[in-house]
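One file, target-v7.cif, is given below (mmCIF, C-alpha atoms).
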data_query
loop_
_atom_site.group_PDB
_atom_site.id
_atom_site.type_symbol
_atom_site.label_atom_id
_atom_site.label_comp_id
_atom_site.auth_asym_id
_atom_site.auth_seq_id
_atom_site.Cartn_x
_atom_site.Cartn_y
_atom_site.Cartn_z
ATOM 1 C CA MET X 100 -27.122 -43.701 -9.261
ATOM 2 C CA LYS X 101 -28.019 -40.622 -7.243
ATOM 3 C CA LEU X 102 -26.659 -42.228 -4.053
ATOM 4 C CA LYS X 103 -23.400 -43.111 -5.813
ATOM 5 C CA THR X 104 -23.094 -39.515 -7.032
ATOM 6 C CA LEU X 105 -23.590 -38.155 -3.523
ATOM 7 C CA VAL X 106 -21.051 -40.592 -2.099
ATOM 8 C CA LEU X 107 -18.529 -39.633 -4.789
ATOM 9 C CA ALA X 108 -19.081 -35.918 -4.149
ATOM 10 C CA ALA X 109 -18.597 -36.431 -0.417
ATOM 11 C CA ALA X 110 -15.409 -38.381 -1.044
ATOM 12 C CA MET X 111 -14.032 -35.707 -3.363
ATOM 13 C CA SER X 112 -14.890 -33.026 -0.793
ATOM 14 C CA ALA X 113 -13.052 -34.959 1.906
ATOM 15 C CA ILE X 114 -10.024 -35.331 -0.363
ATOM 16 C CA GLY X 115 -10.095 -31.599 -1.105
ATOM 17 C CA THR X 116 -10.322 -30.731 2.586
ATOM 18 C CA ALA X 117 -7.412 -33.045 3.383
ATOM 19 C CA ALA X 118 -5.349 -31.476 0.618
ATOM 20 C CA LEU X 119 -6.044 -27.986 1.932
ATOM 21 C CA ALA X 120 -5.012 -29.098 5.405
ATOM 22 C CA ASP X 121 -1.548 -29.722 3.961
ATOM 23 C CA TYR X 122 -1.345 -26.275 2.397
ATOM 24 C CA PRO X 123 1.197 -25.060 1.456
ATOM 25 C CA GLU X 124 2.807 -27.966 -0.333
ATOM 26 C CA LYS X 125 4.919 -25.900 -2.729
ATOM 27 C CA PRO X 126 6.425 -22.394 -2.859
ATOM 28 C CA ILE X 127 4.065 -19.448 -2.492
ATOM 29 C CA GLU X 128 4.893 -16.495 -4.719
ATOM 30 C CA VAL X 129 4.100 -13.102 -3.196
ATOM 31 C CA VAL X 130 3.955 -10.341 -5.797
ATOM 32 C CA ILE X 131 5.392 -7.000 -4.650
ATOM 33 C CA THR X 132 4.115 -4.424 -7.100
ATOM 34 C CA TYR X 133 7.004 -1.963 -6.814
ATOM 35 C CA GLY X 134 10.740 -2.331 -7.288
ATOM 36 C CA PRO X 135 13.567 -3.107 -4.856
ATOM 37 C CA GLY X 136 14.097 -0.388 -2.232
ATOM 38 C CA SER X 137 10.528 0.922 -2.481
ATOM 39 C CA ASN X 138 8.254 1.238 0.539
ATOM 40 C CA SER X 139 6.325 -1.819 -0.645
ATOM 41 C CA ASP X 140 9.507 -3.831 -1.053
ATOM 42 C CA THR X 141 10.969 -2.933 2.347
ATOM 43 C CA SER X 142 7.820 -3.639 4.361
ATOM 44 C CA GLY X 143 6.776 -6.532 2.125
ATOM 45 C CA ARG X 144 9.967 -8.504 2.663
ATOM 46 C CA LEU X 145 9.770 -7.983 6.418
ATOM 47 C CA PHE X 146 6.206 -9.296 6.377
ATOM 48 C CA ILE X 147 6.999 -12.247 4.115
ATOM 49 C CA ASN X 148 9.808 -13.323 6.440
ATOM 50 C CA ALA X 149 7.389 -13.245 9.367
ATOM 51 C CA MET X 150 4.765 -15.184 7.393
ATOM 52 C CA ARG X 151 7.304 -17.890 6.602
ATOM 53 C CA LYS X 152 7.709 -18.516 10.308
ATOM 54 C CA ALA X 153 3.980 -18.294 11.025
ATOM 55 C CA LEU X 154 3.345 -20.952 8.365
ATOM 56 C CA GLY X 155 5.896 -23.321 9.869
ATOM 57 C CA GLY X 156 8.776 -22.539 7.558
ATOM 58 C CA ALA X 157 6.779 -22.328 4.339
ATOM 59 C CA ASP X 158 8.680 -21.381 1.202
ATOM 60 C CA MET X 159 7.399 -17.879 0.393
ATOM 61 C CA VAL X 160 9.119 -16.126 -2.477
ATOM 62 C CA PRO X 161 8.918 -12.337 -2.960
ATOM 63 C CA ILE X 162 8.526 -11.441 -6.639
ATOM 64 C CA ASN X 163 9.031 -7.796 -7.621
ATOM 65 C CA ILE X 164 6.822 -6.889 -10.609
ATOM 66 C CA PRO X 165 6.892 -3.079 -10.881
ATOM 67 C CA GLY X 166 5.346 -0.938 -13.571
ATOM 68 C CA ALA X 167 2.449 1.418 -14.310
ATOM 69 C CA GLY X 168 1.848 2.457 -10.711
ATOM 70 C CA GLY X 169 1.834 -1.111 -9.447
ATOM 71 C CA THR X 170 -0.864 -2.271 -11.856
ATOM 72 C CA VAL X 171 1.333 -4.644 -13.854
ATOM 73 C CA GLY X 172 2.057 -6.901 -10.888
ATOM 74 C CA THR X 173 -1.462 -6.518 -9.493
ATOM 75 C CA ALA X 174 -2.989 -7.600 -12.806
ATOM 76 C CA GLN X 175 -0.740 -10.654 -12.943
ATOM 77 C CA MET X 176 -1.675 -11.613 -9.398
ATOM 78 C CA ALA X 177 -5.398 -11.169 -10.065
ATOM 79 C CA ALA X 178 -5.161 -13.406 -13.152
ATOM 80 C CA ALA X 179 -3.218 -16.177 -11.372
ATOM 81 C CA ALA X 180 -4.760 -19.517 -10.442
ATOM 82 C CA PRO X 181 -6.861 -19.080 -7.265
ATOM 83 C CA ASP X 182 -5.081 -21.834 -5.385
ATOM 84 C CA GLY X 183 -3.206 -19.890 -2.700
ATOM 85 C CA TYR X 184 0.171 -20.133 -4.421
ATOM 86 C CA THR X 185 0.156 -16.615 -5.871
ATOM 87 C CA LEU X 186 -0.570 -13.768 -3.467
ATOM 88 C CA GLY X 187 -0.165 -10.007 -3.625
ATOM 89 C CA TYR X 188 1.372 -7.604 -1.143
ATOM 90 C CA ASN X 189 -0.494 -4.491 -2.201
ATOM 91 C CA PRO X 190 -0.584 -0.877 -1.059
ATOM 92 C CA ILE X 191 -3.785 1.132 -1.176
ATOM 93 C CA ALA X 192 -3.217 2.688 -4.606
ATOM 94 C CA THR X 193 -2.939 -0.448 -6.713
ATOM 95 C CA VAL X 194 -6.236 -1.929 -5.527
ATOM 96 C CA THR X 195 -8.430 1.070 -4.583
ATOM 97 C CA ILE X 196 -7.118 3.985 -6.665
ATOM 98 C CA GLN X 197 -5.854 2.797 -10.039
ATOM 99 C CA PRO X 198 -9.093 1.045 -11.118
ATOM 100 C CA HIS X 199 -10.860 4.426 -10.947
ATOM 101 C CA LEU X 200 -8.308 6.179 -13.151
ATOM 102 C CA ARG X 201 -8.160 3.992 -16.255
ATOM 103 C CA PRO X 202 -9.396 0.714 -17.714
ATOM 104 C CA LEU X 203 -7.653 -2.205 -16.034
ATOM 105 C CA PRO X 204 -8.082 -5.994 -16.222
ATOM 106 C CA TYR X 205 -9.065 -6.038 -12.547
ATOM 107 C CA GLY X 206 -11.492 -4.314 -10.222
ATOM 108 C CA GLN X 207 -13.082 -4.426 -6.792
ATOM 109 C CA ASP X 208 -14.189 -8.058 -7.065
ATOM 110 C CA SER X 209 -10.925 -9.425 -8.467
ATOM 111 C CA PHE X 210 -9.391 -10.102 -5.052
ATOM 112 C CA GLU X 211 -9.874 -11.828 -1.730
ATOM 113 C CA PRO X 212 -8.634 -9.499 1.050
ATOM 114 C CA ILE X 213 -6.727 -11.542 3.648
ATOM 115 C CA CYS X 214 -5.340 -9.097 6.193
ATOM 116 C CA MET X 215 -3.892 -5.649 6.673
ATOM 117 C CA MET X 216 -0.605 -5.364 8.517
ATOM 118 C CA ALA X 217 0.719 -1.804 8.291
ATOM 119 C CA GLU X 218 -0.073 1.777 7.438
ATOM 120 C CA ASN X 219 1.689 5.117 7.200
ATOM 121 C CA PRO X 220 0.202 8.527 6.601
ATOM 122 C CA THR X 221 1.624 10.570 3.789
ATOM 123 C CA ALA X 222 3.524 13.763 4.554
ATOM 124 C CA VAL X 223 4.758 16.854 2.773
ATOM 125 C CA GLN X 224 8.541 16.591 2.620
ATOM 126 C CA VAL X 225 11.401 18.749 1.348
ATOM 127 C CA ALA X 226 15.194 18.600 1.235
ATOM 128 C CA PRO X 227 16.882 19.248 4.610
ATOM 129 C CA ASP X 228 18.380 22.530 3.331
ATOM 130 C CA SER X 229 15.240 23.663 1.510
ATOM 131 C CA PRO X 230 14.157 27.287 2.062
ATOM 132 C CA LEU X 231 10.620 25.918 2.463
ATOM 133 C CA ASN X 232 10.047 25.580 6.195
ATOM 134 C CA SER X 233 6.256 25.621 6.426
ATOM 135 C CA MET X 234 3.143 25.094 4.353
ATOM 136 C CA ASP X 235 2.829 28.866 4.158
ATOM 137 C CA ASP X 236 6.209 28.890 2.430
ATOM 138 C CA VAL X 237 4.959 26.259 -0.023
ATOM 139 C CA VAL X 238 1.885 28.351 -0.832
ATOM 140 C CA ALA X 239 3.994 31.482 -1.350
ATOM 141 C CA ALA X 240 6.448 29.618 -3.592
ATOM 142 C CA ALA X 241 3.619 28.153 -5.677
ATOM 143 C CA LYS X 242 2.089 31.601 -6.170
ATOM 144 C CA ASP X 243 5.443 33.190 -7.061
ATOM 145 C CA GLY X 244 6.590 30.506 -9.483
ATOM 146 C CA THR X 245 6.641 26.796 -10.242
ATOM 147 C CA VAL X 246 6.763 24.244 -7.439
ATOM 148 C CA ILE X 247 7.640 20.766 -8.666
ATOM 149 C CA ALA X 248 6.246 17.863 -6.671
ATOM 150 C CA VAL X 249 7.932 14.491 -7.162
ATOM 151 C CA GLY X 250 6.723 10.947 -6.664
ATOM 152 C CA PRO X 251 5.749 7.666 -8.326
ATOM 153 C CA ALA X 252 3.512 7.335 -11.379
ATOM 154 C CA PRO X 253 0.288 9.333 -11.682
ATOM 155 C CA GLY X 254 -2.431 7.611 -9.710
ATOM 156 C CA SER X 255 -0.089 6.638 -6.893
ATOM 157 C CA ILE X 256 -0.899 7.826 -3.383
ATOM 158 C CA PRO X 257 1.929 10.434 -3.348
ATOM 159 C CA HIS X 258 0.525 11.809 -6.608
ATOM 160 C CA ILE X 259 -3.010 11.846 -5.200
ATOM 161 C CA THR X 260 -1.804 13.491 -1.979
ATOM 162 C CA GLN X 261 0.016 16.358 -3.682
ATOM 163 C CA ALA X 262 -3.012 16.946 -5.926
ATOM 164 C CA ALA X 263 -5.337 16.981 -2.918
ATOM 165 C CA VAL X 264 -3.031 19.384 -1.039
ATOM 166 C CA ALA X 265 -2.748 21.705 -4.046
ATOM 167 C CA ASN X 266 -6.513 21.633 -4.484
ATOM 168 C CA ALA X 267 -7.093 22.444 -0.803
ATOM 169 C CA LEU X 268 -4.550 25.290 -0.915
ATOM 170 C CA GLY X 269 -5.868 26.731 -4.144
ATOM 171 C CA VAL X 270 -2.496 26.493 -5.921
ATOM 172 C CA ASN X 271 -0.922 24.353 -8.637
ATOM 173 C CA PHE X 272 2.092 22.061 -8.462
ATOM 174 C CA THR X 273 3.880 20.586 -11.455
ATOM 175 C CA TYR X 274 4.147 16.827 -10.968
ATOM 176 C CA LEU X 275 7.358 14.940 -11.781
ATOM 177 C CA PRO X 276 6.777 11.149 -11.955
ATOM 178 C CA ALA X 277 10.372 10.213 -11.159
ATOM 179 C CA GLY X 278 9.532 7.326 -8.823
ATOM 180 C CA GLY X 279 8.989 6.975 -5.102
ATOM 181 C CA GLY X 280 11.318 6.229 -2.213
ATOM 182 C CA ALA X 281 14.975 6.782 -3.042
ATOM 183 C CA ASN X 282 14.164 8.258 -6.470
ATOM 184 C CA ALA X 283 11.912 10.931 -4.972
ATOM 185 C CA ALA X 284 14.514 11.742 -2.325
ATOM 186 C CA LYS X 285 17.224 12.037 -4.979
ATOM 187 C CA ALA X 286 15.119 14.536 -6.934
ATOM 188 C CA LEU X 287 14.582 16.630 -3.787
ATOM 189 C CA LEU X 288 18.211 16.534 -2.719
ATOM 190 C CA SER X 289 19.423 17.512 -6.198
ATOM 191 C CA GLY X 290 16.962 20.390 -6.491
ATOM 192 C CA GLU X 291 15.148 18.799 -9.429
ATOM 193 C CA ALA X 292 11.944 18.978 -7.357
ATOM 194 C CA GLN X 293 10.890 21.053 -4.352
ATOM 195 C CA ILE X 294 8.388 18.870 -2.489
ATOM 196 C CA ALA X 295 7.192 15.299 -2.140
ATOM 197 C CA ALA X 296 3.992 14.002 -0.571
ATOM 198 C CA ASP X 297 5.152 10.471 0.105
ATOM 199 C CA ASN X 298 5.047 7.953 2.932
ATOM 200 C CA SER X 299 5.952 9.697 6.195
ATOM 201 C CA ALA X 300 8.661 7.065 6.729
ATOM 202 C CA LEU X 301 10.578 8.457 3.763
ATOM 203 C CA ALA X 302 11.738 11.470 5.757
ATOM 204 C CA LYS X 303 13.704 9.471 8.313
ATOM 205 C CA VAL X 304 14.978 6.892 5.832
ATOM 206 C CA GLN X 305 16.209 9.492 3.342
ATOM 207 C CA GLY X 306 17.038 12.366 5.731
ATOM 208 C CA LEU X 307 14.304 14.728 4.521
ATOM 209 C CA LYS X 308 12.526 17.569 6.333
ATOM 210 C CA THR X 309 8.817 17.100 7.044
ATOM 211 C CA LEU X 310 6.544 20.150 6.905
ATOM 212 C CA ALA X 311 3.223 18.492 7.733
ATOM 213 C CA VAL X 312 1.653 15.046 7.955
ATOM 214 C CA ALA X 313 -1.586 14.006 6.263
ATOM 215 C CA ALA X 314 -2.924 12.259 9.351
ATOM 216 C CA ASP X 315 -5.738 12.838 11.817
ATOM 217 C CA GLU X 316 -3.258 13.139 14.692
ATOM 218 C CA ARG X 317 0.423 14.019 15.070
ATOM 219 C CA LEU X 318 2.827 11.110 14.787
ATOM 220 C CA ALA X 319 4.759 9.888 17.817
ATOM 221 C CA ASP X 320 8.002 10.000 15.809
ATOM 222 C CA LEU X 321 7.315 13.559 14.616
ATOM 223 C CA PRO X 322 5.672 15.228 17.622
ATOM 224 C CA ASP X 323 6.631 18.752 16.554
ATOM 225 C CA VAL X 324 5.294 18.389 13.005
ATOM 226 C CA PRO X 325 1.689 19.605 12.589
ATOM 227 C CA THR X 326 -0.998 17.728 10.718
ATOM 228 C CA LEU X 327 -2.411 19.306 7.587
ATOM 229 C CA LYS X 328 -5.776 19.478 9.335
ATOM 230 C CA GLU X 329 -4.234 21.543 12.146
ATOM 231 C CA LEU X 330 -3.191 24.031 9.472
ATOM 232 C CA GLY X 331 -6.682 24.202 8.019
ATOM 233 C CA ILE X 332 -5.887 21.903 5.092
ATOM 234 C CA ASP X 333 -8.506 19.154 5.084
ATOM 235 C CA VAL X 334 -6.363 16.309 3.721
ATOM 236 C CA SER X 335 -5.795 12.991 5.486
ATOM 237 C CA ILE X 336 -4.404 10.163 3.356
ATOM 238 C CA THR X 337 -2.819 6.960 4.619
ATOM 239 C CA ILE X 338 -0.766 4.419 2.700
ATOM 240 C CA TRP X 339 -1.792 1.007 3.946
ATOM 241 C CA PHE X 340 -0.522 -2.426 2.980
ATOM 242 C CA GLY X 341 -2.560 -5.603 2.698
ATOM 243 C CA LEU X 342 -2.250 -9.228 1.657
ATOM 244 C CA PHE X 343 -4.562 -10.317 -1.161
ATOM 245 C CA ALA X 344 -5.328 -13.470 -3.130
ATOM 246 C CA PRO X 345 -7.065 -13.896 -6.492
ATOM 247 C CA ALA X 346 -10.858 -14.100 -6.308
ATOM 248 C CA GLY X 347 -12.074 -17.652 -5.893
ATOM 249 C CA THR X 348 -9.245 -18.823 -3.636
ATOM 250 C CA PRO X 349 -10.635 -21.558 -1.299
ATOM 251 C CA GLU X 350 -11.935 -20.382 2.058
ATOM 252 C CA ALA X 351 -9.767 -22.850 3.956
ATOM 253 C CA VAL X 352 -6.625 -21.414 2.342
ATOM 254 C CA LEU X 353 -7.703 -17.841 3.046
ATOM 255 C CA ASP X 354 -8.447 -18.678 6.672
ATOM 256 C CA LYS X 355 -5.075 -20.351 7.107
ATOM 257 C CA LEU X 356 -3.273 -17.363 5.624
ATOM 258 C CA ALA X 357 -5.290 -14.947 7.770
ATOM 259 C CA ALA X 358 -4.426 -16.892 10.916
ATOM 260 C CA ALA X 359 -0.747 -16.830 9.946
ATOM 261 C CA CYS X 360 -0.964 -13.089 9.362
ATOM 262 C CA ALA X 361 -2.259 -12.569 12.905
ATOM 263 C CA GLU X 362 0.858 -14.351 14.167
ATOM 264 C CA ALA X 363 3.238 -12.653 11.737
ATOM 265 C CA VAL X 364 2.374 -9.141 12.922
ATOM 266 C CA LYS X 365 3.480 -10.130 16.436
ATOM 267 C CA ASP X 366 6.843 -11.503 15.286
ATOM 268 C CA GLU X 367 9.684 -9.699 17.070
ATOM 269 C CA ASP X 368 11.879 -9.418 13.983
ATOM 270 C CA PHE X 369 8.963 -8.002 12.010
ATOM 271 C CA LEU X 370 8.110 -5.471 14.710
ATOM 272 C CA THR X 371 11.740 -4.394 15.081
ATOM 273 C CA GLY X 372 12.257 -4.105 11.337
ATOM 274 C CA MET X 373 9.082 -2.108 10.837
ATOM 275 C CA ALA X 374 9.925 0.219 13.731
ATOM 276 C CA ASN X 375 13.437 0.777 12.377
ATOM 277 C CA SER X 376 11.916 1.683 9.003
ATOM 278 C CA ASN X 377 9.322 3.987 10.599
ATOM 279 C CA TYR X 378 6.294 1.910 9.634
ATOM 280 C CA ILE X 379 3.210 1.757 11.808
ATOM 281 C CA VAL X 380 2.052 -1.820 12.376
ATOM 282 C CA ARG X 381 -1.735 -2.042 12.244
ATOM 283 C CA HIS X 382 -3.383 -5.443 11.908
ATOM 284 C CA MET X 383 -6.882 -6.048 10.571
ATOM 285 C CA ASP X 384 -8.241 -9.580 10.428
ATOM 286 C CA ARG X 385 -9.961 -10.931 7.352
ATOM 287 C CA PRO X 386 -13.553 -9.785 8.051
ATOM 288 C CA ALA X 387 -12.495 -6.306 9.204
ATOM 289 C CA PHE X 388 -10.064 -5.865 6.332
ATOM 290 C CA THR X 389 -12.648 -6.982 3.782
ATOM 291 C CA ASP X 390 -15.070 -4.329 5.040
ATOM 292 C CA PHE X 391 -12.295 -1.729 5.154
ATOM 293 C CA TYR X 392 -11.143 -2.558 1.610
ATOM 294 C CA ASN X 393 -14.651 -2.218 0.204
ATOM 295 C CA SER X 394 -15.135 1.085 2.038
ATOM 296 C CA GLN X 395 -11.818 2.418 0.747
ATOM 297 C CA TYR X 396 -12.637 1.371 -2.805
ATOM 298 C CA GLY X 397 -15.832 3.428 -2.847
ATOM 299 C CA GLY X 398 -14.487 6.300 -0.764
ATOM 300 C CA ASN X 399 -11.432 6.777 -2.944
ATOM 301 C CA ALA X 400 -13.594 6.885 -6.066
ATOM 302 C CA SER X 401 -15.439 9.845 -4.537
ATOM 303 C CA MET X 402 -12.206 11.563 -3.476
ATOM 304 C CA LEU X 403 -10.700 11.275 -6.958
ATOM 305 C CA LYS X 404 -13.753 12.851 -8.543
ATOM 306 C CA ALA X 405 -13.642 15.696 -6.012
ATOM 307 C CA ILE X 406 -10.068 16.628 -6.984
ATOM 308 C CA GLY X 407 -10.672 16.134 -10.697
ATOM 309 C CA LEU X 408 -8.750 12.887 -11.196
ATOM 310 C CA GLY X 409 -11.464 10.223 -11.269
ATOM 311 C CA LYS X 410 -13.295 8.763 -14.258
#
Reformat the file's structure so that it appears as structure tokens.
Amino acid sequence: MKLKTLVLAAAMSAIGTAALADYPEKPIEVVITYGPGSNSDTSGRLFINAMRKALGGADMVPINIPGAGGTVGTAQMAAAAPDGYTLGYNPIATVTIQPHLRPLPYGQDSFEPICMMAENPTAVQVAPDSPLNSMDDVVAAAKDGTVIAVGPAPGSIPHITQAAVANALGVNFTYLPAGGGANAAKALLSGEAQIAADNSALAKVQGLKTLAVAADERLADLPDVPTLKELGIDVSITIWFGLFAPAGTPEAVLDKLAAACAEAVKDEDFLTGMANSNYIVRHMDRPAFTDFYNSQYGGNASMLKAIGLGK
């Protein structure tokens, strides 16, 4: 009986391995946790198109599920069947920030990190005709009156960045959660808000003026714009994007997706599209990204507590 059981188990394992070799056999849904036109949507669709090619023409379907700082879509992805047919294209905030701010149905161990493909530092941005032309101007304005900072929901990276900058400067900003991307730009251009601390790509896309970047080094596209650190403001925050699967997804599926990711980030259309949108392509393979994700999860918990936003 024991021999028959072992033979049956071996046969089932072989069948499972053969089935995984044929993956994907049906459409793969990729959850984008912010709405159309957002930074996640723009870069996510470029990446998904490249992944389709890397997987031999696989049917990959982008699904926008915005809401609550990206947590609605992230929660749905984490709760999906761990079979490789529901994935998440997630920015840093949804997976390493939000779980430290409020109770959520997911946490550090809810995902399988697959790869990282892009990053962009945040930057302090204003309308092109704003009287604010430096961080000194921002400090003076904050001390003389109310400076309204605009961005996505509380807990998002732009929200965290403006809070960290205000904390480092010793001033207060009033936060307006009007949305990121085009919504933030609209609020700046209309005068409803004075500053944003969003993805550095937003400035070029929306025609904004950048006062400083929250990076360790100046950006090639903004060589004349100082870093916050150069100005004595110890803030460096990057928005990165990664591909995730629900915890428990088979190793063979994860490895196949990771291999496809390594090809996708070299795709000419992807590289051109990302460059045109001012995104910085930065690939991390599965082992490196897993270590990076775990480090970010713990490090961001400490940062949030330091600026008074963590649990």
query: What does the distance from atom CA of Ala344 of chain X to atom CA of Ile196 of chain X come to in Å, to one decimal?
result: 17.9 Å
task: Just give me the gap between atom CA of Asn282 of chain X and atom CA of Asn266 of chain X in Å, one decimal is fine.
output: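 Atom-to-atom, atom CA of Asn282 of chain X and atom CA of Asn266 of chain X are spaced 24.7 Å apart.
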query: Just so the selection is clear, what residues does the PyMOL selection byres ((chain X and resi 150) around 12) cover here, as a ChimeraX atom specification?
result: /X:127,129,143-149,151-161,188,214,216,342,355-366,368-369
- request: Using only C-alpha atoms, pick whichever of X:Arg381, X:Ser299, X:Ile406, X:Pro253 has the shortest atom-to-atom distance to Ala311 of chain X.
  value: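 Once distances to Ala311 of chain X are computed over only C-alpha atoms, the minimum belongs to X:Ser299.
Take atom CA of Pro276 of chain X and atom CA of Pro251 of chain X: the distance between them is 5.1 Å.
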Option closest in space to Met176 of chain X, from X:Ala319, X:Ile379, X:Ile256, X:Val130 [counting all atoms listed in the file]: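 Distance minimum relative to Met176 of chain X lands on X:Val130.
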- request: Return the single residue from X:Ala192, X:Ala313, X:Leu307, X:Ala222 that is closest to Ala252 of chain X, with distances computed using all atoms listed in the file.
  value: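 With all atoms listed in the file as the atom set, the closest residue is X:Ala192.
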How close does each residue of segment 296-397 of chain X get to segment 199-212 of chain X, giving the shortest atom pair and distance in Å to one decimal for every residue with an atom at most 7 Å away, counting only C-alpha atoms, sorted by chain and residue number, as a tab-separated table?
residue	atom	partner	partner_atom	distance
X:Leu342	CA	X:Pro212	CA	6.4
X:Phe343	CA	X:Pro212	CA	4.7
X:Ala344	CA	X:Glu211	CA	5.0
X:Pro345	CA	X:Phe210	CA	4.7
X:Ala346	CA	X:Phe210	CA	4.4
X:Arg385	CA	X:Pro212	CA	6.6
X:Phe388	CA	X:Pro212	CA	6.6
X:Thr389	CA	X:Pro212	CA	5.5
field: Given all atoms listed in the file as the counted atoms, nearest of X:Ser335, X:Ser255, X:Asn232, X:Gln395 to Ala267 of chain X
entry: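 Of all the options, X:Ser335 lies closest to Ala267 of chain X.
Near Pro257 of chain X, within a cut-off of 10 Å and counting all atoms listed in the file, sit the residues Ala192, Thr221, Ala222, Val223, Ala248, Val249, Gly250, Pro251, Ala252, Pro253, Gly254, Thr260, Gln261, Ala262, Ala263, Pro276, Gly278, Gly279, Ala295, Ala296, Asp297, Asn298, Ile336, Thr337 and Ile338 of chain X, with same-chain residues fewer than 3 positions away left out.
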task: Spell out the residues picked by the PyMOL selection byres ((chain X and resi 235) around 12) here, as a list of chain:residue names.
output: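 When the PyMOL selection byres ((chain X and resi 235) around 12) is applied, the selected residues are X:Pro230, X:Leu231, X:Asn232, X:Ser233, X:Met234, X:Asp236, X:Val237, X:Val238, X:Ala239, X:Ala240, X:Ala241, X:Lys242, X:Leu268, X:Val270, X:Leu310, X:Ala311, X:Leu327, X:Leu330, X:Gly331, X:Ile332.
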Complete segment 277-290 of chain X with N, CA and C atoms (output as a PDB file, in the frame of the given file).
ATOM      1  N   ALA X 277       9.010  10.752 -11.124  1.00  0.00           N
ATOM      2  CA  ALA X 277      10.372  10.213 -11.159  1.00  0.00           C
ATOM      3  C   ALA X 277      10.518   8.929 -10.357  1.00  0.00           C
ATOM      4  N   GLY X 278       9.452   8.515  -9.664  1.00  0.00           N
ATOM      5  CA  GLY X 278       9.532   7.326  -8.823  1.00  0.00           C
ATOM      6  C   GLY X 278       9.461   7.697  -7.357  1.00  0.00           C
ATOM      7  N   GLY X 279       9.087   6.732  -6.533  1.00  0.00           N
ATOM      8  CA  GLY X 279       8.989   6.975  -5.102  1.00  0.00           C
ATOM      9  C   GLY X 279      10.261   6.609  -4.367  1.00  0.00           C
ATOM     10  N   GLY X 280      10.198   6.666  -3.039  1.00  0.00           N
ATOM     11  CA  GLY X 280      11.318   6.229  -2.213  1.00  0.00           C
ATOM     12  C   GLY X 280      12.603   6.972  -2.519  1.00  0.00           C
ATOM     13  N   ALA X 281      13.656   6.208  -2.804  1.00  0.00           N
ATOM     14  CA  ALA X 281      14.975   6.782  -3.042  1.00  0.00           C
ATOM     15  C   ALA X 281      14.988   7.711  -4.250  1.00  0.00           C
ATOM     16  N   ASN X 282      14.197   7.404  -5.280  1.00  0.00           N
ATOM     17  CA  ASN X 282      14.164   8.258  -6.470  1.00  0.00           C
ATOM     18  C   ASN X 282      13.583   9.632  -6.152  1.00  0.00           C
ATOM     19  N   ALA X 283      12.511   9.649  -5.365  1.00  0.00           N
ATOM     20  CA  ALA X 283      11.912  10.931  -4.972  1.00  0.00           C
ATOM     21  C   ALA X 283      12.891  11.732  -4.129  1.00  0.00           C
ATOM     22  N   ALA X 284      13.547  11.056  -3.185  1.00  0.00           N
ATOM     23  CA  ALA X 284      14.514  11.742  -2.325  1.00  0.00           C
ATOM     24  C   ALA X 284      15.666  12.322  -3.147  1.00  0.00           C
ATOM     25  N   LYS X 285      16.127  11.559  -4.127  1.00  0.00           N
ATOM     26  CA  LYS X 285      17.224  12.037  -4.979  1.00  0.00           C
ATOM     27  C   LYS X 285      16.829  13.311  -5.715  1.00  0.00           C
ATOM     28  N   ALA X 286      15.585  13.349  -6.218  1.00  0.00           N
ATOM     29  CA  ALA X 286      15.119  14.536  -6.934  1.00  0.00           C
ATOM     30  C   ALA X 286      15.038  15.749  -6.001  1.00  0.00           C
ATOM     31  N   LEU X 287      14.628  15.530  -4.754  1.00  0.00           N
ATOM     32  CA  LEU X 287      14.582  16.630  -3.787  1.00  0.00           C
ATOM     33  C   LEU X 287      15.979  17.111  -3.422  1.00  0.00           C
ATOM     34  N   LEU X 288      16.858  16.173  -3.158  1.00  0.00           N
ATOM     35  CA  LEU X 288      18.211  16.534  -2.719  1.00  0.00           C
ATOM     36  C   LEU X 288      19.014  17.223  -3.822  1.00  0.00           C
ATOM     37  N   SER X 289      18.707  16.904  -5.076  1.00  0.00           N
ATOM     38  CA  SER X 289      19.423  17.512  -6.198  1.00  0.00           C
ATOM     39  C   SER X 289      18.822  18.849  -6.618  1.00  0.00           C
ATOM     40  N   GLY X 290      17.639  19.165  -6.106  1.00  0.00           N
ATOM     41  CA  GLY X 290      16.962  20.390  -6.491  1.00  0.00           C
ATOM     42  C   GLY X 290      16.092  20.253  -7.726  1.00  0.00           C
TER      43      GLY X 290
END
